[in-house]
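Structure below is model-v3.csv: CSV, N, CA and C atoms.
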chain,number,residue,atom,x,y,z
A,15,MET,N,116.6,68.6,160.9
A,15,MET,CA,115.8,68.5,159.7
A,15,MET,C,116.3,69.5,158.7
A,16,ILE,N,116.3,69.1,157.4
A,16,ILE,CA,116.8,70.0,156.3
A,16,ILE,C,115.7,70.1,155.3
A,17,TYR,N,115.4,71.4,154.9
A,17,TYR,CA,114.5,71.6,153.8
A,17,TYR,C,114.8,72.9,153.2
A,18,ALA,N,114.2,73.2,152.0
A,18,ALA,CA,114.4,74.4,151.3
A,18,ALA,C,113.1,74.9,150.6
A,19,VAL,N,113.0,76.2,150.3
A,19,VAL,CA,112.0,76.7,149.5
A,19,VAL,C,112.6,77.1,148.2
A,20,VAL,N,112.1,76.5,147.1
A,20,VAL,CA,112.6,76.8,145.8
A,20,VAL,C,111.5,77.4,144.9
A,21,GLU,N,112.0,78.0,143.9
A,21,GLU,CA,111.1,78.6,142.9
A,21,GLU,C,111.3,77.8,141.5
A,22,ILE,N,110.2,77.2,141.0
A,22,ILE,CA,110.3,76.5,139.7
A,22,ILE,C,109.1,77.0,138.9
A,23,GLU,N,109.4,77.6,137.8
A,23,GLU,CA,108.3,78.1,136.9
A,23,GLU,C,107.3,79.0,137.6
A,24,LYS,N,107.8,80.0,138.3
A,24,LYS,CA,107.1,81.0,139.0
A,24,LYS,C,106.2,80.5,140.1
A,25,ALA,N,106.4,79.3,140.6
A,25,ALA,CA,105.7,78.7,141.7
A,25,ALA,C,106.8,78.3,142.8
A,26,GLN,N,106.4,78.4,144.0
A,26,GLN,CA,107.3,78.1,145.1
A,26,GLN,C,106.9,76.8,145.8
A,27,TYR,N,107.9,76.0,146.1
A,27,TYR,CA,107.7,74.7,146.7
A,27,TYR,C,108.6,74.5,147.9
A,28,LYS,N,108.1,73.8,148.9
A,28,LYS,CA,108.9,73.4,150.1
A,28,LYS,C,109.4,72.0,149.8
A,29,VAL,N,110.7,71.8,149.7
A,29,VAL,CA,111.2,70.5,149.3
A,29,VAL,C,112.2,70.0,150.4
A,30,SER,N,112.2,68.7,150.5
A,30,SER,CA,113.2,68.0,151.4
A,30,SER,C,113.9,66.9,150.6
A,31,PRO,N,115.0,66.4,151.1
A,31,PRO,CA,115.8,65.4,150.4
A,31,PRO,C,115.0,64.1,150.4
A,32,GLN,N,115.1,63.4,149.3
A,32,GLN,CA,114.5,62.0,149.1
A,32,GLN,C,112.9,62.0,149.3
A,33,VAL,N,112.3,63.2,149.0
A,33,VAL,CA,110.8,63.3,149.1
A,33,VAL,C,110.3,63.7,147.7
A,34,ASP,N,109.3,63.0,147.2
A,34,ASP,CA,108.8,63.4,145.9
A,34,ASP,C,107.9,64.6,146.0
A,35,PHE,N,107.9,65.5,144.9
A,35,PHE,CA,106.9,66.6,144.8
A,35,PHE,C,106.6,66.8,143.4
A,36,VAL,N,105.4,67.4,143.2
A,36,VAL,CA,104.8,67.5,141.8
A,36,VAL,C,104.9,69.0,141.4
A,37,THR,N,105.4,69.3,140.2
A,37,THR,CA,105.5,70.6,139.7
A,37,THR,C,104.8,70.7,138.4
A,38,SER,N,104.7,71.9,137.8
A,38,SER,CA,104.2,72.0,136.4
A,38,SER,C,105.2,71.3,135.5
A,39,PHE,N,104.8,71.1,134.3
A,39,PHE,CA,105.5,70.3,133.3
A,39,PHE,C,106.9,70.9,133.1
A,40,ILE,N,107.9,70.0,133.2
A,40,ILE,CA,109.3,70.3,132.9
A,40,ILE,C,109.8,69.3,131.9
A,41,LYS,N,110.4,69.7,130.8
A,41,LYS,CA,110.9,68.7,129.8
A,41,LYS,C,112.0,67.8,130.4
A,42,GLY,N,111.9,66.6,130.1
A,42,GLY,CA,112.9,65.6,130.5
A,42,GLY,C,112.2,64.2,130.7
A,43,ASP,N,113.0,63.2,130.3
A,43,ASP,CA,112.6,61.8,130.4
A,43,ASP,C,112.7,61.4,131.8
A,44,PRO,N,112.0,60.4,132.3
A,44,PRO,CA,112.2,59.8,133.6
A,44,PRO,C,113.6,59.3,133.8
A,45,GLY,N,114.2,59.7,134.9
A,45,GLY,CA,115.6,59.4,135.1
A,45,GLY,C,116.5,60.6,134.9
A,46,ALA,N,116.1,61.6,134.1
A,46,ALA,CA,116.9,62.8,133.8
A,46,ALA,C,117.1,63.6,135.0
A,47,GLU,N,118.2,64.4,135.1
A,47,GLU,CA,118.5,65.3,136.2
A,47,GLU,C,118.1,66.7,135.8
A,48,VAL,N,117.6,67.4,136.8
A,48,VAL,CA,117.2,68.8,136.7
A,48,VAL,C,117.9,69.6,137.7
A,49,ILE,N,118.6,70.7,137.3
A,49,ILE,CA,119.3,71.6,138.3
A,49,ILE,C,118.4,72.7,138.6
A,50,ILE,N,118.2,72.9,139.9
A,50,ILE,CA,117.4,74.0,140.5
A,50,ILE,C,118.3,75.0,141.1
A,51,SER,N,118.4,76.2,140.6
A,51,SER,CA,119.3,77.2,141.2
A,51,SER,C,118.6,78.3,141.9
A,52,ASN,N,117.3,78.4,141.8
A,52,ASN,CA,116.5,79.4,142.5
A,52,ASN,C,116.1,79.0,143.8
A,53,ILE,N,117.0,79.0,144.8
A,53,ILE,CA,116.7,78.6,146.2
A,53,ILE,C,116.4,79.9,147.0
A,54,LEU,N,115.2,80.0,147.5
A,54,LEU,CA,114.8,81.2,148.2
A,54,LEU,C,115.2,81.2,149.7
A,55,MET,N,115.1,80.0,150.3
A,55,MET,CA,115.4,79.8,151.7
A,55,MET,C,115.9,78.4,151.9
A,56,LEU,N,116.9,78.3,152.8
A,56,LEU,CA,117.5,77.0,153.1
A,56,LEU,C,117.6,76.8,154.6
A,57,VAL,N,117.1,75.7,155.1
A,57,VAL,CA,117.2,75.4,156.6
A,57,VAL,C,118.0,74.1,156.8
A,58,GLU,N,119.1,74.3,157.5
A,58,GLU,CA,120.0,73.1,157.7
A,58,GLU,C,120.3,73.1,159.2
A,59,ASP,N,119.8,72.0,159.9
A,59,ASP,CA,120.0,71.8,161.3
A,59,ASP,C,119.7,73.1,162.2
A,60,GLY,N,118.6,73.7,161.9
A,60,GLY,CA,118.1,74.9,162.6
A,60,GLY,C,118.7,76.2,162.2
A,61,LYS,N,119.7,76.1,161.3
A,61,LYS,CA,120.3,77.4,160.7
A,61,LYS,C,119.5,77.8,159.5
A,62,VAL,N,118.9,79.0,159.5
A,62,VAL,CA,118.1,79.5,158.4
A,62,VAL,C,118.9,80.4,157.6
A,63,THR,N,118.9,80.2,156.3
A,63,THR,CA,119.6,81.1,155.3
A,63,THR,C,118.5,81.6,154.4
A,64,ILE,N,118.3,82.9,154.3
A,64,ILE,CA,117.3,83.5,153.4
A,64,ILE,C,118.0,84.3,152.3
A,65,GLY,N,117.6,84.1,151.1
A,65,GLY,CA,118.2,84.8,150.0
A,65,GLY,C,117.6,86.1,149.7
A,66,ALA,N,118.3,86.9,148.9
A,66,ALA,CA,117.8,88.2,148.6
A,66,ALA,C,117.9,88.5,147.1
A,67,PRO,N,117.1,88.0,146.2
A,67,PRO,CA,116.0,87.1,146.4
A,67,PRO,C,116.4,85.6,146.4
A,68,VAL,N,117.5,85.3,145.9
A,68,VAL,CA,118.0,83.9,145.9
A,68,VAL,C,119.3,83.7,146.6
A,69,ILE,N,119.6,82.5,147.1
A,69,ILE,CA,120.9,82.3,147.8
A,69,ILE,C,121.9,82.0,146.7
A,70,PRO,N,123.0,82.9,146.6
A,70,PRO,CA,124.0,82.7,145.6
A,70,PRO,C,124.9,81.5,145.9
A,71,GLY,N,125.3,80.8,144.9
A,71,GLY,CA,126.3,79.7,145.1
A,71,GLY,C,125.7,78.4,145.6
A,72,LYS,N,124.4,78.3,145.6
A,72,LYS,CA,123.8,77.0,146.0
A,72,LYS,C,122.9,76.5,144.9
A,73,LYS,N,122.8,75.2,144.8
A,73,LYS,CA,121.9,74.6,143.8
A,73,LYS,C,121.4,73.2,144.3
A,74,LEU,N,120.3,72.8,143.8
A,74,LEU,CA,119.8,71.5,144.1
A,74,LEU,C,119.8,70.6,142.8
A,75,ILE,N,120.0,69.4,142.9
A,75,ILE,CA,119.9,68.5,141.8
A,75,ILE,C,118.7,67.5,142.0
A,76,ALA,N,117.8,67.6,141.1
A,76,ALA,CA,116.5,66.8,141.3
A,76,ALA,C,116.5,65.8,140.1
A,77,LYS,N,115.8,64.7,140.4
A,77,LYS,CA,115.7,63.6,139.4
A,77,LYS,C,114.2,63.6,139.0
A,78,VAL,N,114.0,63.5,137.6
A,78,VAL,CA,112.6,63.3,137.1
A,78,VAL,C,112.2,61.9,137.4
A,79,ILE,N,111.1,61.7,138.2
A,79,ILE,CA,110.6,60.4,138.5
A,79,ILE,C,109.6,60.0,137.5
A,80,ALA,N,108.6,60.9,137.1
A,80,ALA,CA,107.6,60.5,136.1
A,80,ALA,C,107.0,61.8,135.5
A,81,GLN,N,106.5,61.7,134.3
A,81,GLN,CA,105.6,62.7,133.7
A,81,GLN,C,104.2,62.2,133.8
A,82,GLU,N,103.3,63.1,134.5
A,82,GLU,CA,102.0,62.7,134.8
A,82,GLU,C,101.0,63.7,134.2
A,83,LYS,N,99.7,63.3,134.3
A,83,LYS,CA,98.6,64.2,134.0
A,83,LYS,C,97.9,64.5,135.2
A,84,GLY,N,97.5,65.8,135.3
A,84,GLY,CA,96.7,66.3,136.4
A,84,GLY,C,95.3,65.9,136.4
A,85,PRO,N,94.5,66.3,137.4
A,85,PRO,CA,93.1,66.0,137.4
A,85,PRO,C,92.3,66.6,136.3
A,86,LYS,N,91.3,66.0,135.8
A,86,LYS,CA,90.4,66.5,134.7
A,86,LYS,C,89.6,67.7,135.2
A,87,ILE,N,89.6,68.7,134.4
A,87,ILE,CA,88.8,69.9,134.7
A,87,ILE,C,87.8,70.0,133.6
A,88,LYS,N,86.5,70.1,134.0
A,88,LYS,CA,85.4,70.3,133.0
A,88,LYS,C,85.1,71.8,132.9
A,89,ILE,N,84.9,72.2,131.6
A,89,ILE,CA,84.6,73.6,131.3
A,89,ILE,C,83.3,73.5,130.6
A,90,SER,N,82.2,74.2,131.0
A,90,SER,CA,80.9,74.2,130.4
A,90,SER,C,80.6,75.7,130.0
A,91,LYS,N,80.0,75.8,128.8
A,91,LYS,CA,79.5,77.1,128.4
A,91,LYS,C,78.0,76.9,128.1
A,92,TYR,N,77.2,77.9,128.5
A,92,TYR,CA,75.8,77.8,128.3
A,92,TYR,C,75.2,79.2,128.1
A,93,LYS,N,74.3,79.2,127.1
A,93,LYS,CA,73.6,80.5,126.8
A,93,LYS,C,72.1,80.2,126.9
A,94,ALA,N,71.5,81.0,127.7
A,94,ALA,CA,70.0,80.8,127.9
A,94,ALA,C,69.2,81.1,126.7
A,95,LYS,N,68.1,80.4,126.5
A,95,LYS,CA,67.1,80.7,125.4
A,95,LYS,C,67.7,80.6,124.0
A,96,SER,N,68.8,80.0,123.8
A,96,SER,CA,69.3,79.8,122.4
A,96,SER,C,69.8,78.4,122.2
A,97,ARG,N,69.6,77.5,123.1
A,97,ARG,CA,69.9,76.1,123.0
A,97,ARG,C,71.4,75.9,122.7
A,98,TYR,N,72.2,76.7,123.3
A,98,TYR,CA,73.7,76.6,123.1
A,98,TYR,C,74.3,76.0,124.4
A,99,GLN,N,74.9,74.8,124.2
A,99,GLN,CA,75.6,74.2,125.3
A,99,GLN,C,76.9,73.6,124.8
A,100,LYS,N,78.0,73.8,125.5
A,100,LYS,CA,79.3,73.3,125.0
A,100,LYS,C,80.1,72.8,126.3
A,101,THR,N,80.6,71.6,126.2
A,101,THR,CA,81.4,71.1,127.3
A,101,THR,C,82.8,70.7,126.8
A,102,THR,N,83.9,71.1,127.4
A,102,THR,CA,85.2,70.6,127.0
A,102,THR,C,85.9,70.2,128.3
A,103,GLY,N,87.1,69.6,128.2
A,103,GLY,CA,87.8,69.2,129.4
A,103,GLY,C,89.3,69.6,129.2
A,104,PHE,N,90.0,69.5,130.3
A,104,PHE,CA,91.4,69.9,130.3
A,104,PHE,C,92.2,69.0,131.3
A,105,ARG,N,93.3,68.5,131.0
A,105,ARG,CA,94.2,67.8,131.9
A,105,ARG,C,95.6,68.3,131.7
A,106,GLY,N,96.1,69.1,132.7
A,106,GLY,CA,97.4,69.7,132.6
A,106,GLY,C,98.5,68.6,132.8
A,107,GLN,N,99.6,68.8,132.2
A,107,GLN,CA,100.8,67.9,132.3
A,107,GLN,C,101.6,68.3,133.5
A,108,LEU,N,102.0,67.3,134.3
A,108,LEU,CA,102.8,67.6,135.6
A,108,LEU,C,104.1,66.7,135.5
A,109,THR,N,105.0,67.2,136.3
A,109,THR,CA,106.3,66.4,136.5
A,109,THR,C,106.5,66.1,137.9
A,110,ARG,N,106.8,64.8,138.2
A,110,ARG,CA,107.1,64.4,139.6
A,110,ARG,C,108.6,64.4,139.7
A,111,LEU,N,109.2,65.2,140.7
A,111,LEU,CA,110.6,65.3,141.0
A,111,LEU,C,111.0,64.8,142.3
A,112,ARG,N,112.3,64.3,142.5
A,112,ARG,CA,112.8,64.0,143.8
A,112,ARG,C,114.2,64.6,143.9
A,113,ILE,N,114.4,65.3,145.0
A,113,ILE,CA,115.7,65.9,145.3
A,113,ILE,C,116.7,64.9,145.7
A,114,ASP,N,117.9,64.8,144.9
A,114,ASP,CA,119.0,63.9,145.2
A,114,ASP,C,120.1,64.6,146.0
A,115,ASP,N,120.7,65.6,145.4
A,115,ASP,CA,121.8,66.3,146.1
A,115,ASP,C,121.2,67.6,146.6
A,116,PHE,N,121.5,67.9,147.9
A,116,PHE,CA,120.9,69.1,148.6
A,116,PHE,C,121.9,70.1,149.0
A,117,GLY,N,121.7,71.3,148.5
A,117,GLY,CA,122.6,72.4,148.9
A,117,GLY,C,124.0,72.4,148.4
A,118,GLU,N,124.2,71.9,147.2
A,118,GLU,CA,125.5,71.7,146.7
A,118,GLU,C,126.1,73.1,146.3
A,119,GLU,N,127.4,73.3,146.6
A,119,GLU,CA,128.0,74.6,146.4
A,119,GLU,C,128.3,74.8,144.9
A,120,VAL,N,128.2,76.0,144.4
A,120,VAL,CA,128.5,76.3,143.0
A,120,VAL,C,129.4,77.5,143.0
A,121,GLU,N,130.4,77.5,142.1
A,121,GLU,CA,131.3,78.6,142.0
A,121,GLU,C,130.5,79.8,141.5
A,122,ALA,N,130.6,80.9,142.1
A,122,ALA,CA,129.9,82.1,141.7
A,122,ALA,C,130.7,82.7,140.5
A,123,LYS,N,130.1,83.0,139.4
A,123,LYS,CA,130.7,83.6,138.3
A,123,LYS,C,130.7,85.1,138.4
A,124,PRO,N,131.8,85.8,138.2
A,124,PRO,CA,131.8,87.2,138.3
A,124,PRO,C,130.9,87.8,137.2
A,125,LYS,N,130.1,88.8,137.6
A,125,LYS,CA,129.2,89.4,136.6
A,125,LYS,C,129.9,90.5,135.8
A,126,LYS,N,129.7,90.5,134.6
A,126,LYS,CA,130.2,91.6,133.7
A,126,LYS,C,129.4,92.8,133.8
A,127,ALA,N,130.0,94.0,133.8
A,127,ALA,CA,129.2,95.2,133.8
A,127,ALA,C,128.5,95.4,132.4
A,128,PRO,N,127.3,95.8,132.5
A,128,PRO,CA,126.5,96.0,131.2
A,128,PRO,C,127.2,97.1,130.4
A,129,PRO,N,127.1,96.9,129.1
A,129,PRO,CA,127.7,97.9,128.2
A,129,PRO,C,127.0,99.3,128.4
A,130,ALA,N,127.8,100.3,128.3
A,130,ALA,CA,127.3,101.7,128.5
A,130,ALA,C,126.4,102.0,127.3
A,131,LYS,N,125.3,102.7,127.6
A,131,LYS,CA,124.4,103.1,126.6
A,131,LYS,C,124.7,104.5,126.2
A,132,VAL,N,124.8,104.8,124.9
A,132,VAL,CA,125.1,106.1,124.4
A,132,VAL,C,123.8,106.7,124.0
A,133,ALA,N,123.5,107.8,124.5
A,133,ALA,CA,122.2,108.5,124.2
A,133,ALA,C,122.5,109.4,122.9
A,134,SER,N,121.8,109.0,121.9
A,134,SER,CA,122.0,109.8,120.6
A,134,SER,C,120.6,110.4,120.3
A,135,ARG,N,120.5,111.6,120.3
A,135,ARG,CA,119.2,112.3,119.9
A,135,ARG,C,119.4,113.1,118.6
A,136,LYS,N,118.4,113.0,117.9
A,136,LYS,CA,118.4,113.9,116.7
A,136,LYS,C,118.0,115.3,117.0
A,137,PRO,N,118.7,116.2,116.4
A,137,PRO,CA,118.4,117.6,116.7
A,137,PRO,C,116.9,118.0,116.3
A,138,LYS,N,116.3,118.8,117.1
A,138,LYS,CA,114.9,119.2,116.8
A,138,LYS,C,114.9,120.3,115.8
A,139,LYS,N,114.0,120.2,114.9
A,139,LYS,CA,113.9,121.2,113.8
A,139,LYS,C,112.9,122.3,114.2

Would you mind giving the structure from this file in structure tokens?
Amino acid sequence: MIYAVVEIEKAQYKVSPQVDFVTSFIKGDPGAEVIISNILMLVEDGKVTIGAPVIPGKKLIAKVIAQEKGPKIKISKYKAKSRYQKTTGFRGQLTRLRIDDFGEEVEAKPKKAPPAKVASRKPKK
């Protein structure tokens, strides 16, 4: 069995190849590809790879299946003795994804050293 734990929009999901899962809204038309590079853990044939915090050099390619709406949430406000009542609703937008390519290798780009910061202080008077 092969599966991975990925991070998308600050939420973690356990995903498997060719299985649909629902995430928070991601821009993209149905049929578009989404590259997921934040892989936290990968399990392939019993071999577990854990990232610190992510696994470098791996990515997943997911396909947008549909853009959906979540369940309706009702919000009610009420103030006693003043005849004030207000009800509103909310339906969050969701995206249904399916993993196509699983654990594809990516060339690691060498990181550049950050520019040195020069501390300049004004003399005190």

Using all atoms listed in the file, which of the listed residues (A:Ile64, A:Ile89, A:Val78, A:Val29) sits closest to Pro44 of chain A?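 That would be A:Val78, the residue with the smallest distance to Pro44 of chain A.
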
Which of these residues is nearest to Arg105 of chain A, using all atoms listed in the file: A:Lys83, A:Lys24, A:Lys41, A:Lys61?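 That would be A:Lys83, the residue with the smallest distance to Arg105 of chain A.
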
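Shortest atom-to-atom contact with Tyr17 of chain A among A:Leu108, A:Ile79, A:Leu56, A:Ile87: A:Leu56, counting only N, CA and C atoms.
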
What is the distance between atom CA of Ala66 of chain A and atom C of Ile16 of chain A, in Å to one decimal? 19.4 Å

When DSSP works through the backbone of this structure, what residues of segment 46-113 of chain A end up as strand (DSSP E or B), shown as a PyMOL selection string? chain A and resi 47-50+53-58+61-64+72-83+87-93+98-104+107-113

Selection: 6.5 Å around Ala18 of chain A, only N, CA and C atoms, excl. self and same-chain fewer than 5 positions, as a PyMOL selection string: chain A and resi 27-30+54-57

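Shortest atom-to-atom contact with Ser38 of chain A among A:Pro67, A:Ala25, A:Lys72, A:Arg112: A:Ala25, counting only C-alpha atoms.
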
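Our summary of the geometry notes that atom N of Val19 of chain A is positioned 20.7 Å from atom N of Ala80 of chain A.
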
What is the distance between atom N of Ile75 of chain A and atom CA of Val62 of chain A, in Å to one decimal? 18.6 Å

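With distances taken over all atoms listed in the file, A:Ser51 is the one residue among A:Pro85, A:Ser51, A:Leu111, A:Glu21 lying closest to Gly71 of chain A.
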
Padding 8 Å on every side, please: axis-aligned box over the listed atoms of segment 76-80 of chain A, centre and edge lengths to one decimal in Å, as JSON.
{"center_x": 112.4, "center_y": 63.8, "center_z": 138.4, "size_x": 26.8, "size_y": 23.6, "size_z": 21.8}

Write out as a ChimeraX atom specification each polymer residue whose atoms come within 8 Å of Lys86 of chain A, counting only N, CA and C atoms; drop sequence neighbours fewer than 6 positions from it. /A:103-106

Could you check which of A:Pro31, A:Lys93, A:Gly84, A:Val20 is closest to Ile50 of chain A, using all atoms listed in the file?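 Closest to Ile50 of chain A of all the choices is A:Val20.
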